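See below for protein30.cif, which holds mmCIF, C-alpha atoms.
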data_model
loop_
_atom_site.label_atom_id
_atom_site.label_comp_id
_atom_site.auth_asym_id
_atom_site.auth_seq_id
_atom_site.Cartn_x
_atom_site.Cartn_y
_atom_site.Cartn_z
CA MET A 222 0.00 0.00 0.00
CA ARG A 223 1.46 3.30 -1.04
CA SER A 224 -0.29 5.48 1.50
CA ARG A 225 1.80 7.61 3.78
CA ALA A 226 0.30 5.95 6.86
CA TRP A 227 1.67 2.54 5.94
CA GLN A 228 5.06 3.99 5.02
CA MET A 229 5.24 5.64 8.41
CA LEU A 230 4.26 2.39 10.08
CA VAL A 231 7.23 0.64 8.55
CA LEU A 232 9.54 3.27 10.01
CA CYS A 233 8.69 1.74 13.38
CA LEU A 234 11.15 -1.00 12.47
CA VAL A 235 13.88 1.60 12.58
CA ALA A 236 12.64 2.81 15.93
CA LEU A 237 13.36 -0.58 17.46
CA SER A 238 17.07 -0.07 16.92
CA LEU A 239 16.92 3.34 18.60
CA SER A 240 14.68 2.53 21.54
CA ALA A 241 17.53 1.61 23.87
CA CYS A 242 18.68 5.23 24.00
CA ALA A 243 15.21 6.80 23.92
CA ALA A 244 13.24 8.27 26.80
CA GLN A 245 10.39 5.91 27.59
CA VAL A 246 6.82 6.79 28.49
CA ILE A 247 6.18 5.90 32.14
CA ARG A 248 3.25 3.51 32.60
CA ASP A 249 1.50 1.67 35.39
CA PRO A 250 0.24 -1.34 33.42
CA VAL A 251 -2.07 -4.04 34.68
CA PRO A 252 -0.09 -7.02 36.03
CA GLN A 253 -0.74 -10.26 34.22
CA SER A 254 -2.32 -11.75 37.34
CA LEU A 255 -5.03 -9.03 37.33
CA VAL A 256 -5.82 -8.86 33.61
CA ASP A 257 -9.17 -10.61 34.03
CA ASP A 258 -10.09 -8.77 37.22
CA VAL A 259 -9.77 -5.08 36.39
CA GLY A 260 -12.65 -2.90 35.27
CA VAL A 261 -13.46 0.63 34.17
CA PRO A 262 -14.38 2.59 37.33
CA GLY A 263 -18.11 3.21 37.51
CA MET A 264 -18.85 1.20 34.34
CA ALA A 265 -18.43 -2.45 35.24
CA HIS A 266 -20.24 -3.76 32.14
CA ALA A 267 -18.57 -1.48 29.60
CA ARG A 268 -16.61 -4.19 27.79
CA PHE A 269 -15.72 -7.86 27.49
CA TRP A 270 -13.12 -10.04 25.78
CA GLY A 271 -13.71 -10.62 22.09
CA ASP A 272 -12.10 -14.07 22.01
CA GLU A 273 -14.19 -15.91 24.56
CA VAL A 274 -17.84 -16.67 25.19
CA PRO A 275 -19.32 -16.77 28.72
CA ALA A 276 -20.41 -20.23 29.85
CA ASP A 277 -23.91 -18.87 30.56
CA MET A 278 -24.44 -16.53 27.62
CA LEU A 279 -28.11 -15.91 28.30
CA GLY A 280 -27.35 -15.07 31.91
CA PHE A 281 -24.62 -12.73 30.70
CA MET A 282 -27.10 -10.97 28.41
CA ARG A 283 -29.68 -10.59 31.15
CA GLU A 284 -27.09 -9.01 33.43
CA HIS A 285 -25.07 -6.92 30.97
CA MET A 286 -27.52 -6.11 28.15
CA PRO A 287 -31.03 -6.23 29.63
CA GLY A 288 -32.45 -4.03 26.87
CA SER A 289 -31.72 -6.68 24.25
CA ILE A 290 -33.91 -9.09 26.22
CA ARG A 291 -36.81 -6.67 25.90
CA MET A 292 -36.32 -6.33 22.16
CA ALA A 293 -36.12 -10.08 21.71
CA SER A 294 -39.48 -10.50 23.41
CA LYS A 295 -41.22 -8.68 20.54
CA ALA A 296 -42.92 -10.79 17.90
CA GLY A 297 -42.32 -10.34 14.21
CA PRO A 298 -44.76 -8.79 11.70
CA ASN A 299 -48.27 -10.19 12.05
CA GLY A 300 -47.10 -12.40 14.89
CA GLY A 301 -44.58 -14.17 12.66
CA ARG A 302 -40.87 -14.79 13.10
CA PRO A 303 -38.90 -11.70 14.16
CA VAL A 304 -36.27 -10.38 11.74
CA VAL A 305 -32.90 -9.53 13.28
CA GLU A 306 -30.42 -7.59 11.15
CA TYR A 307 -26.71 -7.15 11.88
CA LEU A 308 -24.19 -4.74 10.39
CA ALA A 309 -20.42 -5.32 10.72
CA ILE A 310 -18.08 -2.58 9.43
CA SER A 311 -14.37 -3.17 8.86
CA GLY A 312 -11.33 -0.98 9.14
CA GLY A 313 -9.65 0.61 6.14
CA ALA A 314 -8.29 4.12 6.93
CA GLY A 315 -9.39 6.43 4.07
CA ASP A 316 -11.25 3.54 2.46
CA GLY A 317 -13.88 4.08 5.15
CA ALA A 318 -15.35 6.59 2.68
CA TYR A 319 -16.73 3.61 0.78
CA GLY A 320 -18.77 2.33 3.73
CA GLY A 321 -20.04 5.81 4.50
CA GLY A 322 -21.18 6.22 0.90
CA VAL A 323 -22.92 2.83 0.82
CA LEU A 324 -24.96 3.71 3.91
CA VAL A 325 -25.98 7.16 2.69
CA GLY A 326 -26.92 5.75 -0.71
CA TRP A 327 -28.86 2.98 0.99
CA THR A 328 -30.87 5.62 2.80
CA GLN A 329 -31.79 7.20 -0.54
CA ARG A 330 -32.88 3.82 -1.86
CA GLY A 331 -35.39 3.70 0.98
CA ASP A 332 -34.89 0.21 2.37
CA ARG A 333 -31.96 0.65 4.77
CA PRO A 334 -32.64 -1.51 7.84
CA ARG A 335 -32.78 -0.35 11.42
CA PHE A 336 -30.04 -2.71 12.54
CA GLU A 337 -30.43 -4.46 15.87
CA VAL A 338 -26.64 -4.88 16.18
CA VAL A 339 -23.90 -2.68 14.68
CA THR A 340 -20.18 -3.41 15.09
CA GLY A 341 -17.14 -1.42 13.97
CA VAL A 342 -13.35 -1.63 13.95
CA SER A 343 -10.85 1.13 13.15
CA ALA A 344 -12.33 3.21 10.29
CA GLY A 345 -15.48 1.17 10.85
CA ALA A 346 -15.56 2.43 14.44
CA LEU A 347 -15.81 5.99 13.11
CA ILE A 348 -18.78 4.94 10.96
CA ALA A 349 -20.61 2.65 13.38
CA PRO A 350 -22.23 5.20 15.76
CA PHE A 351 -23.70 7.10 12.80
CA ALA A 352 -24.83 3.90 11.11
CA PHE A 353 -26.41 2.84 14.40
CA LEU A 354 -28.40 6.06 14.75
CA GLY A 355 -29.60 5.86 11.16
CA PRO A 356 -30.34 8.31 8.35
CA ALA A 357 -30.65 11.32 10.69
CA TYR A 358 -26.85 11.25 10.91
CA ASP A 359 -26.09 10.82 7.19
CA ARG A 360 -24.96 14.44 6.84
CA GLN A 361 -22.33 14.00 9.54
CA LEU A 362 -21.24 10.70 8.01
CA LYS A 363 -20.69 12.34 4.64
CA GLU A 364 -18.75 15.24 6.16
CA ILE A 365 -16.37 12.96 8.03
CA TRP A 366 -15.46 11.00 4.91
CA THR A 367 -15.27 13.82 2.35
CA LYS A 368 -14.02 16.96 4.10
CA TYR A 369 -10.86 15.94 5.96
CA ASP A 370 -7.33 15.18 4.83
CA THR A 371 -4.23 13.74 6.48
CA GLU A 372 -2.90 17.10 7.70
CA MET A 373 -6.17 17.81 9.50
CA LEU A 374 -6.11 14.47 11.33
CA ALA A 375 -2.43 13.73 12.03
CA THR A 376 0.63 15.92 12.58
CA PRO A 377 3.91 14.16 11.74
CA GLN A 378 6.40 13.79 14.60
CA VAL A 379 8.69 11.27 12.97
CA LEU A 380 11.85 12.10 14.89
CA ALA A 381 10.01 12.07 18.21
CA GLY A 382 8.51 8.74 17.26
CA LEU A 383 11.85 7.26 16.39
CA PHE A 384 13.41 8.48 19.64
CA GLY A 385 10.88 7.24 22.15
CA ALA A 386 7.47 8.83 21.61
CA GLU A 387 4.50 6.47 21.26
CA ALA A 388 3.86 7.16 17.58
CA LEU A 389 5.09 8.83 14.44
CA THR A 390 2.21 11.30 14.38
CA ASP A 391 0.26 13.40 16.85
CA ASN A 392 -3.45 12.57 16.84
CA THR A 393 -4.82 15.90 18.07
CA GLY A 394 -6.68 16.45 14.79
CA LEU A 395 -8.40 13.07 14.99
CA LYS A 396 -9.32 13.73 18.63
CA GLU A 397 -10.88 17.04 17.64
CA LEU A 398 -12.84 15.44 14.82
CA ILE A 399 -14.28 12.82 17.17
CA ALA A 400 -15.10 15.46 19.79
CA LYS A 401 -16.86 17.60 17.18
CA TYR A 402 -19.27 14.88 16.13
CA VAL A 403 -19.55 12.78 19.30
CA ASP A 404 -21.22 14.83 22.03
CA ARG A 405 -23.48 14.16 24.96
CA ARG A 406 -26.55 14.59 22.77
CA MET A 407 -25.37 11.75 20.54
CA LEU A 408 -24.70 9.58 23.58
CA ASN A 409 -28.21 10.25 24.86
CA ARG A 410 -29.68 9.02 21.59
CA ILE A 411 -27.48 5.92 21.61
CA ALA A 412 -28.48 5.27 25.22
CA GLU A 413 -32.17 5.51 24.27
CA GLU A 414 -31.71 2.97 21.48
CA TYR A 415 -29.74 0.73 23.84
CA ARG A 416 -32.55 0.77 26.38
CA ASN A 417 -34.87 -0.28 23.55
CA GLY A 418 -32.68 -3.31 22.94
CA ARG A 419 -30.33 -2.30 20.13
CA VAL A 420 -26.58 -2.90 20.52
CA LEU A 421 -23.53 -0.93 19.33
CA LEU A 422 -20.16 -2.68 19.72
CA ILE A 423 -16.66 -1.35 18.96
CA GLY A 424 -13.49 -3.44 18.82
CA THR A 425 -10.05 -2.47 20.12
CA THR A 426 -6.90 -4.43 20.87
CA ASN A 427 -5.55 -4.63 24.41
CA LEU A 428 -1.91 -4.50 23.39
CA ASP A 429 -0.52 -5.71 26.73
CA ALA A 430 -2.77 -8.78 26.72
CA GLN A 431 -2.67 -9.32 22.92
CA ARG A 432 -6.43 -9.83 22.97
CA PRO A 433 -9.46 -8.26 21.28
CA VAL A 434 -11.79 -6.22 23.47
CA ILE A 435 -15.42 -5.53 22.56
CA TRP A 436 -16.85 -2.32 24.02
CA ASN A 437 -20.57 -2.08 24.74
CA MET A 438 -21.02 1.53 23.63
CA GLY A 439 -24.69 1.65 24.63
CA GLU A 440 -23.73 0.80 28.19
CA ILE A 441 -21.13 3.58 28.20
CA ALA A 442 -23.59 6.04 26.66
CA SER A 443 -26.19 5.14 29.32
CA SER A 444 -23.81 5.82 32.18
CA GLN A 445 -24.10 9.03 34.14
CA HIS A 446 -20.48 8.72 35.20
CA PRO A 447 -18.58 11.96 34.42
CA TYR A 448 -16.00 9.88 32.54
CA ALA A 449 -18.57 8.34 30.15
CA LEU A 450 -18.27 10.85 27.29
CA THR A 451 -14.47 10.81 27.47
CA LEU A 452 -14.39 7.01 27.50
CA PHE A 453 -16.80 6.79 24.54
CA ARG A 454 -14.57 9.11 22.52
CA ASP A 455 -11.41 7.32 23.68
CA VAL A 456 -12.72 3.94 22.53
CA LEU A 457 -13.35 5.34 19.03
CA LEU A 458 -9.90 6.94 19.07
CA ALA A 459 -8.26 3.72 20.22
CA SER A 460 -10.04 1.60 17.63
CA ALA A 461 -8.66 3.89 14.91
CA ALA A 462 -5.15 4.11 16.41
CA LEU A 463 -2.99 2.31 13.86
CA PRO A 464 -0.05 1.10 16.00
CA GLY A 465 3.07 3.15 15.52
CA VAL A 466 1.30 5.73 13.36
CA PHE A 467 -1.22 7.04 15.92
CA PRO A 468 -0.55 6.99 19.68
CA PRO A 469 -2.29 4.28 21.72
CA VAL A 470 -5.03 5.20 24.16
CA HIS A 471 -4.31 4.59 27.84
CA VAL A 472 -7.52 3.50 29.54
CA LYS A 473 -7.73 3.90 33.31
CA VAL A 474 -8.92 0.78 35.09
CA SER A 475 -9.12 -0.28 38.71
CA ALA A 476 -8.42 -3.40 40.73
CA GLY A 477 -9.91 -2.83 44.13
CA ASP A 478 -8.60 0.55 45.28
CA LYS A 479 -5.61 0.49 42.95
CA MET A 480 -5.68 2.51 39.71
CA LEU A 481 -3.86 1.01 36.75
CA GLU A 482 -3.98 1.40 32.98
CA GLU A 483 -4.43 -0.62 29.83
CA MET A 484 -2.92 0.24 26.45
CA HIS A 485 -5.47 0.03 23.62
CA VAL A 486 -4.81 0.36 19.90
CA ASP A 487 -6.54 -0.29 16.60
CA GLY A 488 -8.86 -3.29 16.72
CA GLY A 489 -7.35 -4.44 13.42
CA PRO A 490 -4.37 -6.38 14.82
CA THR A 491 -6.82 -8.84 16.42
CA ARG A 492 -10.00 -8.42 14.31
CA GLN A 493 -10.37 -6.56 11.02
CA VAL A 494 -14.15 -7.01 11.22
CA PHE A 495 -16.32 -8.90 13.70
CA LEU A 496 -19.90 -9.82 14.37
CA ALA A 497 -19.78 -11.21 17.90
CA PRO A 498 -17.29 -12.86 20.26
CA ALA A 499 -15.47 -15.79 18.72
CA HIS A 500 -17.27 -19.15 18.59
CA LEU A 501 -20.64 -17.65 19.59
CA SER A 502 -23.65 -19.23 17.90
CA LEU A 503 -26.36 -16.70 17.19
CA ARG A 504 -28.93 -19.43 17.81
CA THR A 505 -27.91 -19.30 21.48
CA PHE A 506 -30.35 -16.39 21.73
CA ASP A 507 -33.32 -18.19 20.16
CA PRO A 508 -34.95 -18.97 23.55
CA LEU A 509 -35.31 -15.23 24.14
CA TYR A 510 -37.65 -14.82 21.16
CA PRO A 511 -41.31 -15.83 20.80
CA LYS A 512 -40.21 -17.71 17.65
CA PRO A 513 -36.71 -18.38 16.28
CA PRO A 514 -35.81 -15.22 14.34
CA LEU A 515 -34.84 -14.78 10.71
CA ARG A 516 -31.32 -13.34 10.72
CA LYS A 517 -29.64 -11.15 8.09
CA ILE A 518 -25.96 -10.28 8.33
CA TYR A 519 -24.47 -7.38 6.36
CA VAL A 520 -20.69 -6.89 6.19
CA ILE A 521 -19.07 -3.74 4.82
CA LYS A 522 -15.41 -4.26 3.94
CA ASN A 523 -13.73 -0.89 3.53
CA GLY A 524 -11.18 -2.09 1.01
CA LYS A 525 -10.68 -4.44 -1.90
CA LEU A 526 -10.74 -8.18 -1.38
CA ALA A 527 -9.45 -9.16 -4.82
CA PRO A 528 -5.65 -9.43 -5.22
CA GLU A 529 -4.12 -6.19 -6.51
CA TYR A 530 -1.00 -6.60 -8.61
CA GLU A 531 1.83 -4.13 -8.06
CA ALA A 532 5.48 -4.46 -9.06
CA VAL A 533 7.22 -3.87 -5.73
CA ALA A 534 10.37 -1.78 -5.64
CA ALA A 535 13.41 -3.67 -4.38
CA ASN A 536 13.95 -1.74 -1.15
CA THR A 537 13.21 -2.33 2.53
CA LEU A 538 10.42 0.24 2.82
CA SER A 539 8.46 -0.96 -0.20
CA ILE A 540 8.85 -4.65 0.62
CA SER A 541 7.81 -4.16 4.25
CA ALA A 542 4.84 -1.92 3.41
CA ARG A 543 3.59 -4.29 0.72
CA SER A 544 3.93 -7.26 3.07
CA LEU A 545 1.96 -5.50 5.82
CA PHE A 546 -0.76 -4.55 3.35
CA THR A 547 -0.97 -8.15 2.12
CA LEU A 548 -1.12 -9.45 5.69
CA THR A 549 -3.97 -7.09 6.54
CA LYS A 550 -5.94 -8.08 3.44
CA SER A 551 -5.48 -11.77 4.21
CA GLN A 552 -6.61 -11.23 7.79
CA SER A 553 -9.72 -9.40 6.53
CA ILE A 554 -10.57 -12.32 4.28
CA GLY A 555 -10.16 -14.71 7.20
CA ASP A 556 -12.41 -12.62 9.45
CA ILE A 557 -15.07 -12.36 6.73
CA ASN A 558 -14.91 -16.12 6.14
CA ARG A 559 -15.45 -16.62 9.88
CA ILE A 560 -18.59 -14.47 9.77
CA TYR A 561 -19.78 -16.34 6.67
CA GLN A 562 -19.28 -19.67 8.45
CA THR A 563 -21.33 -18.33 11.36
CA ALA A 564 -24.10 -17.39 8.94
CA GLN A 565 -24.01 -20.83 7.32
CA ARG A 566 -24.07 -22.65 10.65
CA ASP A 567 -26.84 -20.49 12.12
CA LYS A 568 -29.00 -20.39 8.96
CA ALA A 569 -28.62 -16.62 8.54
CA GLU A 570 -28.57 -14.63 5.32
CA PHE A 571 -25.11 -13.30 4.44
CA HIS A 572 -24.50 -10.09 2.50
CA LEU A 573 -21.04 -8.65 1.77
CA THR A 574 -19.86 -5.51 0.03
CA SER A 575 -16.30 -4.35 -0.68
CA ILE A 576 -14.61 -1.87 -2.98
CA PRO A 577 -14.86 -3.20 -6.54
CA ALA A 578 -11.61 -4.19 -8.25
CA SER A 579 -12.58 -1.82 -11.07
CA PHE A 580 -12.10 1.25 -8.86
CA ASP A 581 -8.58 2.26 -9.91
CA LEU A 582 -8.09 5.76 -8.47
CA GLN A 583 -4.96 5.81 -6.31
CA SER A 584 -4.77 7.56 -2.95
CA LYS A 585 -1.86 9.98 -2.66
CA GLN A 586 -1.95 10.17 1.15
CA ALA A 587 -3.48 8.31 4.06
CA PHE A 588 -6.61 10.48 3.97
CA ASP A 589 -6.76 11.90 0.44
CA PRO A 590 -9.93 14.03 0.03
CA VAL A 591 -9.98 13.61 -3.77
CA TYR A 592 -9.74 9.83 -3.42
CA MET A 593 -12.24 9.68 -0.55
CA LYS A 594 -14.82 11.85 -2.33
CA ALA A 595 -14.65 9.60 -5.39
CA LEU A 596 -14.88 6.49 -3.22
CA PHE A 597 -17.78 7.91 -1.20
CA GLN A 598 -19.62 8.67 -4.44
CA LEU A 599 -19.00 5.15 -5.72
CA GLY A 600 -20.37 3.65 -2.49
CA TYR A 601 -23.31 6.06 -2.61
CA GLU A 602 -24.29 5.04 -6.14
CA MET A 603 -23.96 1.34 -5.36
CA GLY A 604 -26.02 1.71 -2.18
CA ARG A 605 -28.69 3.79 -3.93
CA LYS A 606 -29.06 1.22 -6.72
CA GLY A 607 -28.98 -1.74 -4.33
CA GLU A 608 -26.03 -3.26 -6.19
CA PRO A 609 -23.21 -3.67 -3.66
CA TRP A 610 -24.05 -7.01 -2.08
CA VAL A 611 -22.78 -10.51 -2.78
CA THR A 612 -23.91 -13.54 -0.81
CA THR A 613 -20.59 -15.40 -0.53
CA PRO A 614 -17.05 -14.22 0.24
CA PRO A 615 -14.42 -14.43 -2.53
CA GLU A 616 -12.71 -17.58 -1.27
CA ALA A 617 -16.03 -19.42 -1.07
CA ASP A 618 -16.69 -18.43 -4.69
CA ARG A 619 -13.26 -19.69 -5.77
CA ASN A 620 -13.70 -22.99 -3.91
CA THR A 621 -17.09 -23.51 -5.56
CA THR A 622 -15.57 -22.83 -8.98
CA GLN A 623 -12.72 -25.26 -8.35
CA ARG A 624 -15.15 -28.06 -7.38
#

Whole structure given in structure tokens:
Amino acid sequence: MRSRAWQMLVLCLVALSLSACAAQVIRDPVPQSLVDDVGVPGMAHARFWGDEVPADMLGFMREHMPGSIRMASKAGPNGGRPVVEYLAISGGAGDGAYGGGVLVGWTQRGDRPRFEVVTGVSAGALIAPFAFLGPAYDRQLKEIWTKYDTEMLATPQVLAGLFGAEALTDNTGLKELIAKYVDRRMLNRIAEEYRNGRVLLIGTTNLDAQRPVIWNMGEIASSQHPYALTLFRDVLLASAALPGVFPPVHVKVSAGDKMLEEMHVDGGPTRQVFLAPAHLSLRTFDPLYPKPPLRKIYVIKNGKLAPEYEAVAANTLSISARSLFTLTKSQSIGDINRIYQTAQRDKAEFHLTSIPASFDLQSKQAFDPVYMKALFQLGYEMGRKGEPWVTTPPEADRNTTQR
């Protein structure tokens, strides 16, 4: 990938050789023995591990997400089977413009669902709250993905990064963008939807533990704790914090009376896109409904899934950047296949959209407004015409063809 963000990420390799002489950031991390015992002060149910499923999942839901129990109790149209619709939005940096465009175009088409569950990672985390709240927030969604460029979101501090700072850029611009659009009024609306049973989940990576964390944003929004708005914004910031490029977010947690901290970064290193905690069967929730529901899963991949040929220059930077880009794409495909397998096992409809291989405009920076406007418009037109969705991931298509 030729974007400046990925090039800067590779420079972190150089930083490793300089770290011995660099001033280190002082931390008070959670000891390994307490990793499973700490919590966010005042918001005990704000998050959970993304790689494990509670033994008593229904009991967990009743305790941690009671609103979803109320929604599940509602019958479907004319007393029939309820319809439950999920939306999972991937990362993708500036490619997030595609997902934003698809959603706004879908609104214009007139059949955009009111999703019961919305999840987001990285760029998808910056889309998810607006997708969750629906068409009333389409204007803000369009602004975010068409009006900002790299200089507005990240200030380079390459030398500082190489000599001991936490990243190669300062994220003040991204913080300001999140603060502009995510206010207490938005949290109040999310909290209202959460009480009605809808769920908004954002993924980050606990870097110390090397584990995915899923944040229950409705629970945070519902909290009257003075830290709630800051934490909500920090989770979005952390989910978009590409390691090495943007600084990590240090989340304050407590173990008894002792205050400690966790280091959270982009959810991408552990999950590029997710639907629910690993290994969870959606049919686990069937007993909560009057009748087993009809499920529809929509996945927005903010990027291309098809291989993209590029003759790689024979130098360290190009080889490393291309390898990282390839790794990320492969991980995305794996995560999407996992969601598809869940859909197959649980008899759910599966719908996937990604940037078409035919889109050949090249981004000249991490957040290139010319590129993002064109990509947003492409997503908009596809969403408006109802054309973006396929019902199998690429590897499933290839395997079918081979058989």

Need the shell around Met264 (chain A): protein/DNA/RNA residues with any atom at most 10 Å away, counting only C-alpha atoms. Skip same-chain ones fewer than 2 positions apart. Format as a PyMOL selection string?
chain A and resi 260-262+266-268+440-441+443-446+448-449+474

Export of the given selection (C-alpha atoms) as an mmCIF file, keeping the file's coordinate frame:
data_model
loop_
_atom_site.group_PDB
_atom_site.id
_atom_site.type_symbol
_atom_site.label_atom_id
_atom_site.label_comp_id
_atom_site.auth_asym_id
_atom_site.auth_seq_id
_atom_site.Cartn_x
_atom_site.Cartn_y
_atom_site.Cartn_z
ATOM 1 C CA GLY A 260 -12.650 -2.900 35.270
ATOM 2 C CA VAL A 261 -13.460 0.630 34.170
ATOM 3 C CA PRO A 262 -14.380 2.590 37.330
ATOM 4 C CA HIS A 266 -20.240 -3.760 32.140
ATOM 5 C CA ALA A 267 -18.570 -1.480 29.600
ATOM 6 C CA ARG A 268 -16.610 -4.190 27.790
ATOM 7 C CA GLU A 440 -23.730 0.800 28.190
ATOM 8 C CA ILE A 441 -21.130 3.580 28.200
ATOM 9 C CA SER A 443 -26.190 5.140 29.320
ATOM 10 C CA SER A 444 -23.810 5.820 32.180
ATOM 11 C CA GLN A 445 -24.100 9.030 34.140
ATOM 12 C CA HIS A 446 -20.480 8.720 35.200
ATOM 13 C CA TYR A 448 -16.000 9.880 32.540
ATOM 14 C CA ALA A 449 -18.570 8.340 30.150
ATOM 15 C CA VAL A 474 -8.920 0.780 35.090
#

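What separates CA of Phe353 (chain A) from CA of Glu483 (chain A) is a distance of 27.1 Å.
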
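Take CA of Glu364 (chain A) and CA of Leu463 (chain A): the distance between them is 21.8 Å.
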
One residue among A:Glu273, A:Glu372, A:Asp359, A:Asp404 is nearest to Asp391 (chain A) when using all atoms listed in the file, and that residue is A:Glu372

Taking the file as shown, what set of residues would the PyMOL selection byres ((chain A and resi 285) around 10) give back, as an mmCIF file with C-alpha atoms, in the coordinates of the input?
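Resulting contents of selection-v4.cif:
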data_model
loop_
_atom_site.group_PDB
_atom_site.id
_atom_site.type_symbol
_atom_site.label_atom_id
_atom_site.label_comp_id
_atom_site.auth_asym_id
_atom_site.auth_seq_id
_atom_site.Cartn_x
_atom_site.Cartn_y
_atom_site.Cartn_z
ATOM 1 C CA ALA A 265 -18.430 -2.450 35.240
ATOM 2 C CA HIS A 266 -20.240 -3.760 32.140
ATOM 3 C CA ALA A 267 -18.570 -1.480 29.600
ATOM 4 C CA ARG A 268 -16.610 -4.190 27.790
ATOM 5 C CA LEU A 279 -28.110 -15.910 28.300
ATOM 6 C CA GLY A 280 -27.350 -15.070 31.910
ATOM 7 C CA PHE A 281 -24.620 -12.730 30.700
ATOM 8 C CA MET A 282 -27.100 -10.970 28.410
ATOM 9 C CA ARG A 283 -29.680 -10.590 31.150
ATOM 10 C CA GLU A 284 -27.090 -9.010 33.430
ATOM 11 C CA MET A 286 -27.520 -6.110 28.150
ATOM 12 C CA PRO A 287 -31.030 -6.230 29.630
ATOM 13 C CA GLY A 288 -32.450 -4.030 26.870
ATOM 14 C CA SER A 289 -31.720 -6.680 24.250
ATOM 15 C CA ASN A 437 -20.570 -2.080 24.740
ATOM 16 C CA GLU A 440 -23.730 0.800 28.190
#

What residues come out when you apply the PyMOL selection byres ((chain A and resi 480) around 10) to this file, written as a ChimeraX atom specification? /A:249-251,259-262,473-479,481-482
